[in-house]
Structures are given as structure tokens and as C-alpha cells.
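model05.csv (CSV, C-alpha atoms) appears below.
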```
chain,number,residue,atom,x,y,z
Q,949,MET,CA,0.0,0.0,0.0
Q,950,ALA,CA,2.7,2.4,0.9
Q,951,GLU,CA,4.5,1.8,-2.4
Q,952,ASN,CA,1.3,2.9,-4.3
Q,953,GLU,CA,1.1,6.1,-2.3
Q,954,GLN,CA,4.7,7.0,-3.0
Q,955,SER,CA,4.4,6.4,-6.7
Q,956,ASN,CA,1.4,8.8,-6.9
Q,957,GLU,CA,3.4,11.8,-5.7
Q,958,PRO,CA,5.7,12.1,-8.7
Q,959,ARG,CA,2.8,11.4,-11.0
Q,960,ALA,CA,0.7,14.2,-9.6
Q,961,GLN,CA,3.5,16.7,-10.3
Q,962,SER,CA,4.0,15.3,-13.8
Q,963,GLU,CA,0.3,16.0,-14.7
Q,964,ARG,CA,1.2,19.6,-15.3
Q,965,GLN,CA,1.6,19.7,-19.1
Q,966,PHE,CA,2.3,22.4,-21.6
Q,967,SER,CA,2.6,22.0,-25.3
Q,968,VAL,CA,2.7,24.3,-28.4
Q,969,GLN,CA,0.3,22.8,-30.9
Q,970,ARG,CA,0.5,25.4,-33.6
Q,971,VAL,CA,1.8,29.0,-34.1
Q,972,TYR,CA,0.3,31.1,-37.0
Q,973,VAL,CA,-0.4,34.5,-38.3
Q,974,LYS,CA,-4.1,35.1,-37.8
Q,975,ASP,CA,-4.2,38.6,-39.4
Q,976,ALA,CA,-1.7,41.1,-40.7
Q,977,SER,CA,-2.0,44.5,-42.3
Q,978,PHE,CA,0.3,47.3,-43.5
Q,979,GLU,CA,-0.7,50.8,-44.4
Q,980,SER,CA,1.3,53.7,-45.6
Q,981,PRO,CA,-1.3,56.3,-46.1
Q,982,ASN,CA,1.1,59.1,-47.0
Q,983,ALA,CA,3.4,57.3,-49.4
Q,984,PRO,CA,5.3,58.5,-51.5
Q,985,ASP,CA,5.5,61.8,-49.6
Q,986,VAL,CA,6.9,60.2,-46.5
Q,987,PHE,CA,10.0,59.0,-48.4
Q,988,ARG,CA,11.2,62.5,-49.0
Q,989,GLY,CA,13.3,64.2,-46.4
Q,990,GLU,CA,15.0,63.0,-43.3
Q,991,TRP,CA,13.8,59.7,-41.7
Q,992,LYS,CA,13.3,60.4,-37.9
Q,993,PRO,CA,10.0,59.0,-37.0
Q,994,THR,CA,8.3,58.6,-33.7
Q,995,HIS,CA,6.9,55.1,-33.0
Q,996,GLU,CA,4.0,53.9,-30.9
Q,997,LEU,CA,3.6,50.3,-29.9
Q,998,ASN,CA,0.4,48.8,-28.5
Q,999,VAL,CA,0.1,45.1,-27.5
Q,1000,SER,CA,-2.9,43.2,-26.2
Q,1001,THR,CA,-3.9,39.5,-25.8
Q,1002,LYS,CA,-7.0,37.5,-26.2
Q,1003,VAL,CA,-7.6,34.0,-25.0
Q,1004,ASN,CA,-10.1,31.6,-26.5
Q,1005,ARG,CA,-10.7,28.2,-24.9
Q,1006,ILE,CA,-11.0,25.7,-27.8
Q,1007,GLN,CA,-11.7,22.7,-25.7
Q,1008,ASP,CA,-10.9,21.3,-22.2
Q,1009,ASP,CA,-7.1,21.7,-22.2
Q,1010,LEU,CA,-6.7,23.5,-25.5
Q,1011,TYR,CA,-6.4,27.3,-25.7
Q,1012,GLU,CA,-5.9,29.8,-28.6
Q,1013,VAL,CA,-3.9,32.8,-27.5
Q,1014,VAL,CA,-3.9,35.8,-29.8
Q,1015,LEU,CA,-1.2,38.5,-29.4
Q,1016,SER,CA,-2.2,41.7,-31.2
Q,1017,VAL,CA,0.7,44.1,-32.0
Q,1018,THR,CA,0.1,47.5,-33.5
Q,1019,VAL,CA,3.0,49.8,-34.5
Q,1020,SER,CA,2.5,53.2,-36.0
Q,1021,ALA,CA,5.2,55.6,-37.2
Q,1022,GLN,CA,4.7,59.3,-37.4
Q,1023,LEU,CA,6.9,61.8,-39.3
Q,1024,GLY,CA,5.8,65.1,-37.9
Q,1025,ASP,CA,2.1,65.4,-38.5
Q,1026,LYS,CA,2.0,62.6,-41.1
Q,1027,THR,CA,1.5,58.9,-40.5
Q,1028,ALA,CA,4.4,57.0,-42.3
Q,1029,PHE,CA,3.0,53.6,-41.6
Q,1030,ILE,CA,0.7,51.5,-39.5
Q,1031,VAL,CA,1.3,47.8,-39.0
Q,1032,GLU,CA,-1.2,45.5,-37.3
Q,1033,VAL,CA,-0.4,41.8,-36.6
Q,1034,GLN,CA,-2.4,39.2,-34.8
Q,1035,GLN,CA,0.1,36.4,-34.0
Q,1036,ALA,CA,-1.7,33.3,-32.6
Q,1037,GLY,CA,-0.9,30.0,-31.1
Q,1038,ILE,CA,-2.8,26.9,-30.0
Q,1039,PHE,CA,-1.5,25.6,-26.7
Q,1040,GLY,CA,-2.2,22.4,-24.7
Q,1041,ILE,CA,-2.2,23.4,-21.0
Q,1042,SER,CA,-3.3,21.1,-18.2
Q,1043,GLY,CA,-2.7,20.4,-14.5
Q,1044,PHE,CA,-2.0,24.0,-13.5
Q,1045,ALA,CA,-3.9,25.8,-10.7
Q,1046,GLU,CA,-6.3,28.5,-11.7
Q,1047,GLN,CA,-3.9,31.3,-10.7
Q,1048,GLU,CA,-1.1,29.7,-12.7
Q,1049,MET,CA,-3.4,29.3,-15.7
Q,1050,GLY,CA,-3.9,33.1,-15.8
Q,1051,ALA,CA,-0.1,33.6,-15.9
Q,1052,MET,CA,0.3,30.9,-18.5
Q,1053,VAL,CA,-2.1,32.3,-21.0
Q,1054,GLY,CA,-1.6,36.0,-20.0
Q,1055,ALA,CA,2.2,36.1,-19.9
Q,1056,TYR,CA,4.0,32.8,-20.8
Q,1057,CYS,CA,2.2,32.2,-24.1
Q,1058,PRO,CA,2.5,35.9,-25.2
Q,1059,ASN,CA,6.2,35.7,-24.4
Q,1060,LEU,CA,6.4,32.7,-26.8
Q,1061,LEU,CA,4.4,34.4,-29.5
Q,1062,PHE,CA,6.2,37.8,-29.5
Q,1063,PRO,CA,9.3,36.9,-31.5
Q,1064,TYR,CA,7.1,35.6,-34.3
Q,1065,ALA,CA,5.0,38.8,-34.3
Q,1066,ARG,CA,8.2,40.9,-34.2
Q,1067,GLU,CA,9.4,39.1,-37.3
Q,1068,VAL,CA,6.2,39.7,-39.2
Q,1069,VAL,CA,6.2,43.4,-38.2
Q,1070,SER,CA,9.9,43.7,-39.4
Q,1071,ASP,CA,9.1,42.0,-42.7
Q,1072,LEU,CA,6.1,44.2,-43.4
Q,1073,VAL,CA,7.9,47.4,-42.6
Q,1074,SER,CA,10.8,46.4,-44.8
Q,1075,LYS,CA,8.5,45.4,-47.7
Q,1076,GLY,CA,6.9,48.8,-47.3
Q,1077,SER,CA,10.3,50.3,-48.3
Q,1078,PHE,CA,11.0,51.6,-44.8
Q,1079,PRO,CA,14.2,51.1,-42.8
Q,1080,GLN,CA,14.2,47.9,-40.7
Q,1081,LEU,CA,12.3,48.1,-37.5
Q,1082,VAL,CA,13.2,45.7,-34.7
Q,1083,LEU,CA,10.8,45.8,-31.8
Q,1084,GLN,CA,12.3,45.6,-28.3
Q,1085,HIS,CA,11.3,42.8,-26.0
Q,1086,VAL,CA,8.0,43.3,-24.1
Q,1087,ASN,CA,7.9,42.1,-20.5
Q,1088,PHE,CA,4.6,40.3,-20.5
Q,1089,ASP,CA,5.2,39.0,-17.0
Q,1090,ALA,CA,5.2,42.6,-15.7
Q,1091,LEU,CA,2.2,43.6,-17.9
Q,1092,PHE,CA,0.2,40.6,-16.6
Q,1093,ALA,CA,1.1,41.5,-12.9
Q,1094,GLN,CA,0.1,45.1,-13.6
Q,1095,HIS,CA,-3.3,44.1,-15.1
Q,1096,GLN,CA,-3.9,41.7,-12.1
Q,1097,GLN,CA,-3.1,44.6,-9.7
Q,1098,GLU,CA,-5.5,46.9,-11.6
Q,1099,ALA,CA,-8.2,44.3,-11.6
Q,1100,MET,CA,-7.8,43.8,-7.8
Q,1101,GLN,CA,-8.1,47.6,-7.3
Q,1102,ARG,CA,-11.2,47.8,-9.4
Q,1103,ALA,CA,-12.7,44.9,-7.5
Q,1104,ARG,CA,-12.1,46.8,-4.2
Q,1105,GLY,CA,-13.8,49.8,-5.7
Q,1106,ASP,CA,-10.6,51.9,-5.8
Q,1107,GLY,CA,-11.1,54.5,-8.5
Q,1108,ALA,CA,-7.3,55.2,-8.7
Q,1109,ALA,CA,-6.7,52.3,-11.2
Q,1110,GLN,CA,-7.1,53.4,-14.8
Q,1111,PRO,CA,-7.1,51.1,-17.8
Q,1112,SER,CA,-3.6,51.2,-19.4
Q,1113,GLN,CA,-2.5,51.0,-23.0
Q,1114,HIS,CA,0.8,49.3,-23.7
```

Let me see the structure of the file written as C-alpha cells.
Amino acid sequence: MAENEQSNEPRAQSERQFSVQRVYVKDASFESPNAPDVFRGEWKPTHELNVSTKVNRIQDDLYEVVLSVTVSAQLGDKTAFIVEVQQAGIFGISGFAEQEMGAMVGAYCPNLLFPYAREVVSDLVSKGSFPQLVLQHVNFDALFAQHQQEAMQRARGDGAAQPSQH
């Protein structure tokens, strides 16, 4: 009897499973509304980056996580380009506690998807005849923690927390 109890302990820990089933571009767009005028003059744009995630439960232990990345470049008062990418993945996730699941789909999966989205953004910008744009790493762990804290403040009725754009 004692042997069976001991063998259950390692098995319970091994029930936590994570797998990447598929990574794909769900949607991508590139606009350069002021071309060819934006190609004249000095190239010193200001960039704005916005990221967000969406989670869809496909079935019991299968989740689609969609990372949306929007980058816009301004040259003075003109928009040089706007890139929008939805990089998605299907992940098998099981055996995690509810709190851990939030972090898995809200931080870990977006961290895995971001390099793919960064590559698509870079390719689209280059194909638009603009200088290469390499996005810096986004700390999804910190963003997830910030969103959790804001949600807790809203739940307590603390009006100090404001929705944030990243």
C-alpha cells in the first residue's frame, strides 16, 4: 500500500503539461497612407507600440492565445505607416492551478508568440520600403502583474486604477 502512495506523488507533479500545438499569423496588415511623400526628407519618425492579448478556450485543455501588436510611425504630422499583426498560437495546457493558468495564457504564451510577431512586423515594414524596425522585448510578466493589480483595485472599488495602454 505504501508503495502505491509514494508512486502517486511524482505522477501528480507530472500531470502539469504544456505544449505548443501550432503557431500562426491570424491577421496582418500594413498601411502607408502618406506614401510616397513620407519617403522625402529625413527619416526620424516617432513610433508607438500597442500590445494586447485575447484567450479563447477551444476545448478542455486547448487554448488559442492571440497576441495583437500595432505599431505606428509618425513623421511630424503625417503617418508614415501602421502595422497590425495578430500572432496566434494553440497551446495544450493542463494540470495548473487557476492562478497559474492566468499567468500561462496571459504572460507565458504571449512571451512565446512575441518573437514571431516581431518578425512579421519587421518584414512588413521592410516590404513597405522603410528602414528595418526591430521591436524591443516586451515584458509580458510585468504587464500581466500590472493588469492583475489593476483588476484587484477595481474589484475593491478603488477608483485610482485606470485602464492602461501598452

### Task
Please identify all polymer residues within 7 Å of Ile1041 of chain Q, counting all atoms listed in the file, omitting same-chain residues fewer than 2 positions from it, and present them as a PyMOL selection string.
chain Q and resi 965-967+1009-1010+1039

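The space separating atom CA of Glu1098 of chain Q from atom CA of Gly1050 of chain Q comes to 14.5 Å.
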
Excluding same-chain residues fewer than 6 positions from Ala1021 of chain Q, what lies within 7 Å of it counting all atoms listed in the file, as a PDB file with C-alpha atoms, in the frame of the given file?
```
ATOM      1  CA  PRO Q 993      10.000  59.000 -37.000  1.00  0.00           C
ATOM      2  CA  THR Q 994       8.300  58.600 -33.700  1.00  0.00           C
ATOM      3  CA  HIS Q 995       6.900  55.100 -33.000  1.00  0.00           C
ATOM      4  CA  GLU Q 996       4.000  53.900 -30.900  1.00  0.00           C
ATOM      5  CA  THR Q1027       1.500  58.900 -40.500  1.00  0.00           C
ATOM      6  CA  ALA Q1028       4.400  57.000 -42.300  1.00  0.00           C
ATOM      7  CA  PHE Q1029       3.000  53.600 -41.600  1.00  0.00           C
ATOM      8  CA  ILE Q1030       0.700  51.500 -39.500  1.00  0.00           C
TER       9      ILE Q1030
END
```

### Best match for closeness to Asp975 of chain Q among Q:Leu1081, Q:Ala1036, Q:Val1019, Q:Ala1090, counting all atoms listed in the file
Q:Ala1036

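Take atom CA of Ser1000 of chain Q and atom CA of Val1017 of chain Q: the distance between them is 6.9 Å.
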
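Picture a line from atom CA of Lys1075 of chain Q to atom CA of Ile1038 of chain Q; it runs 28.0 Å.
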
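Comparing Q:Asn998, Q:Ser1074, Q:Gln1047, Q:Gln1022 by their smallest distance to Leu1091 of chain Q, the closest is Q:Asn998 (using only C-alpha atoms).
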
### Task
May I ask which of the residues Q:Val1086, Q:Val968, Q:Val1003, Q:Val1031 is the closest one to Phe1062 of chain Q, counting all atoms listed in the file?
Q:Val1086

### Message
For Leu1083 of chain Q, find every residue with an atom within 10 Å (counting only C-alpha atoms), except residues of its own chain fewer than 4 positions away, and show them as a list in words.
### Response
Leu997, Val1019, Phe1062, Pro1063, Ala1065, Arg1066, Glu1067, Val1069 and Ser1070 of chain Q

Could you save those same residues with C-alpha atoms as an mmCIF file, in the coordinates of the input?
```cif
data_model
loop_
_atom_site.group_PDB
_atom_site.id
_atom_site.type_symbol
_atom_site.label_atom_id
_atom_site.label_comp_id
_atom_site.auth_asym_id
_atom_site.auth_seq_id
_atom_site.Cartn_x
_atom_site.Cartn_y
_atom_site.Cartn_z
ATOM 1 C CA LEU Q 997 3.600 50.300 -29.900
ATOM 2 C CA VAL Q 1019 3.000 49.800 -34.500
ATOM 3 C CA PHE Q 1062 6.200 37.800 -29.500
ATOM 4 C CA PRO Q 1063 9.300 36.900 -31.500
ATOM 5 C CA ALA Q 1065 5.000 38.800 -34.300
ATOM 6 C CA ARG Q 1066 8.200 40.900 -34.200
ATOM 7 C CA GLU Q 1067 9.400 39.100 -37.300
ATOM 8 C CA VAL Q 1069 6.200 43.400 -38.200
ATOM 9 C CA SER Q 1070 9.900 43.700 -39.400
#
```
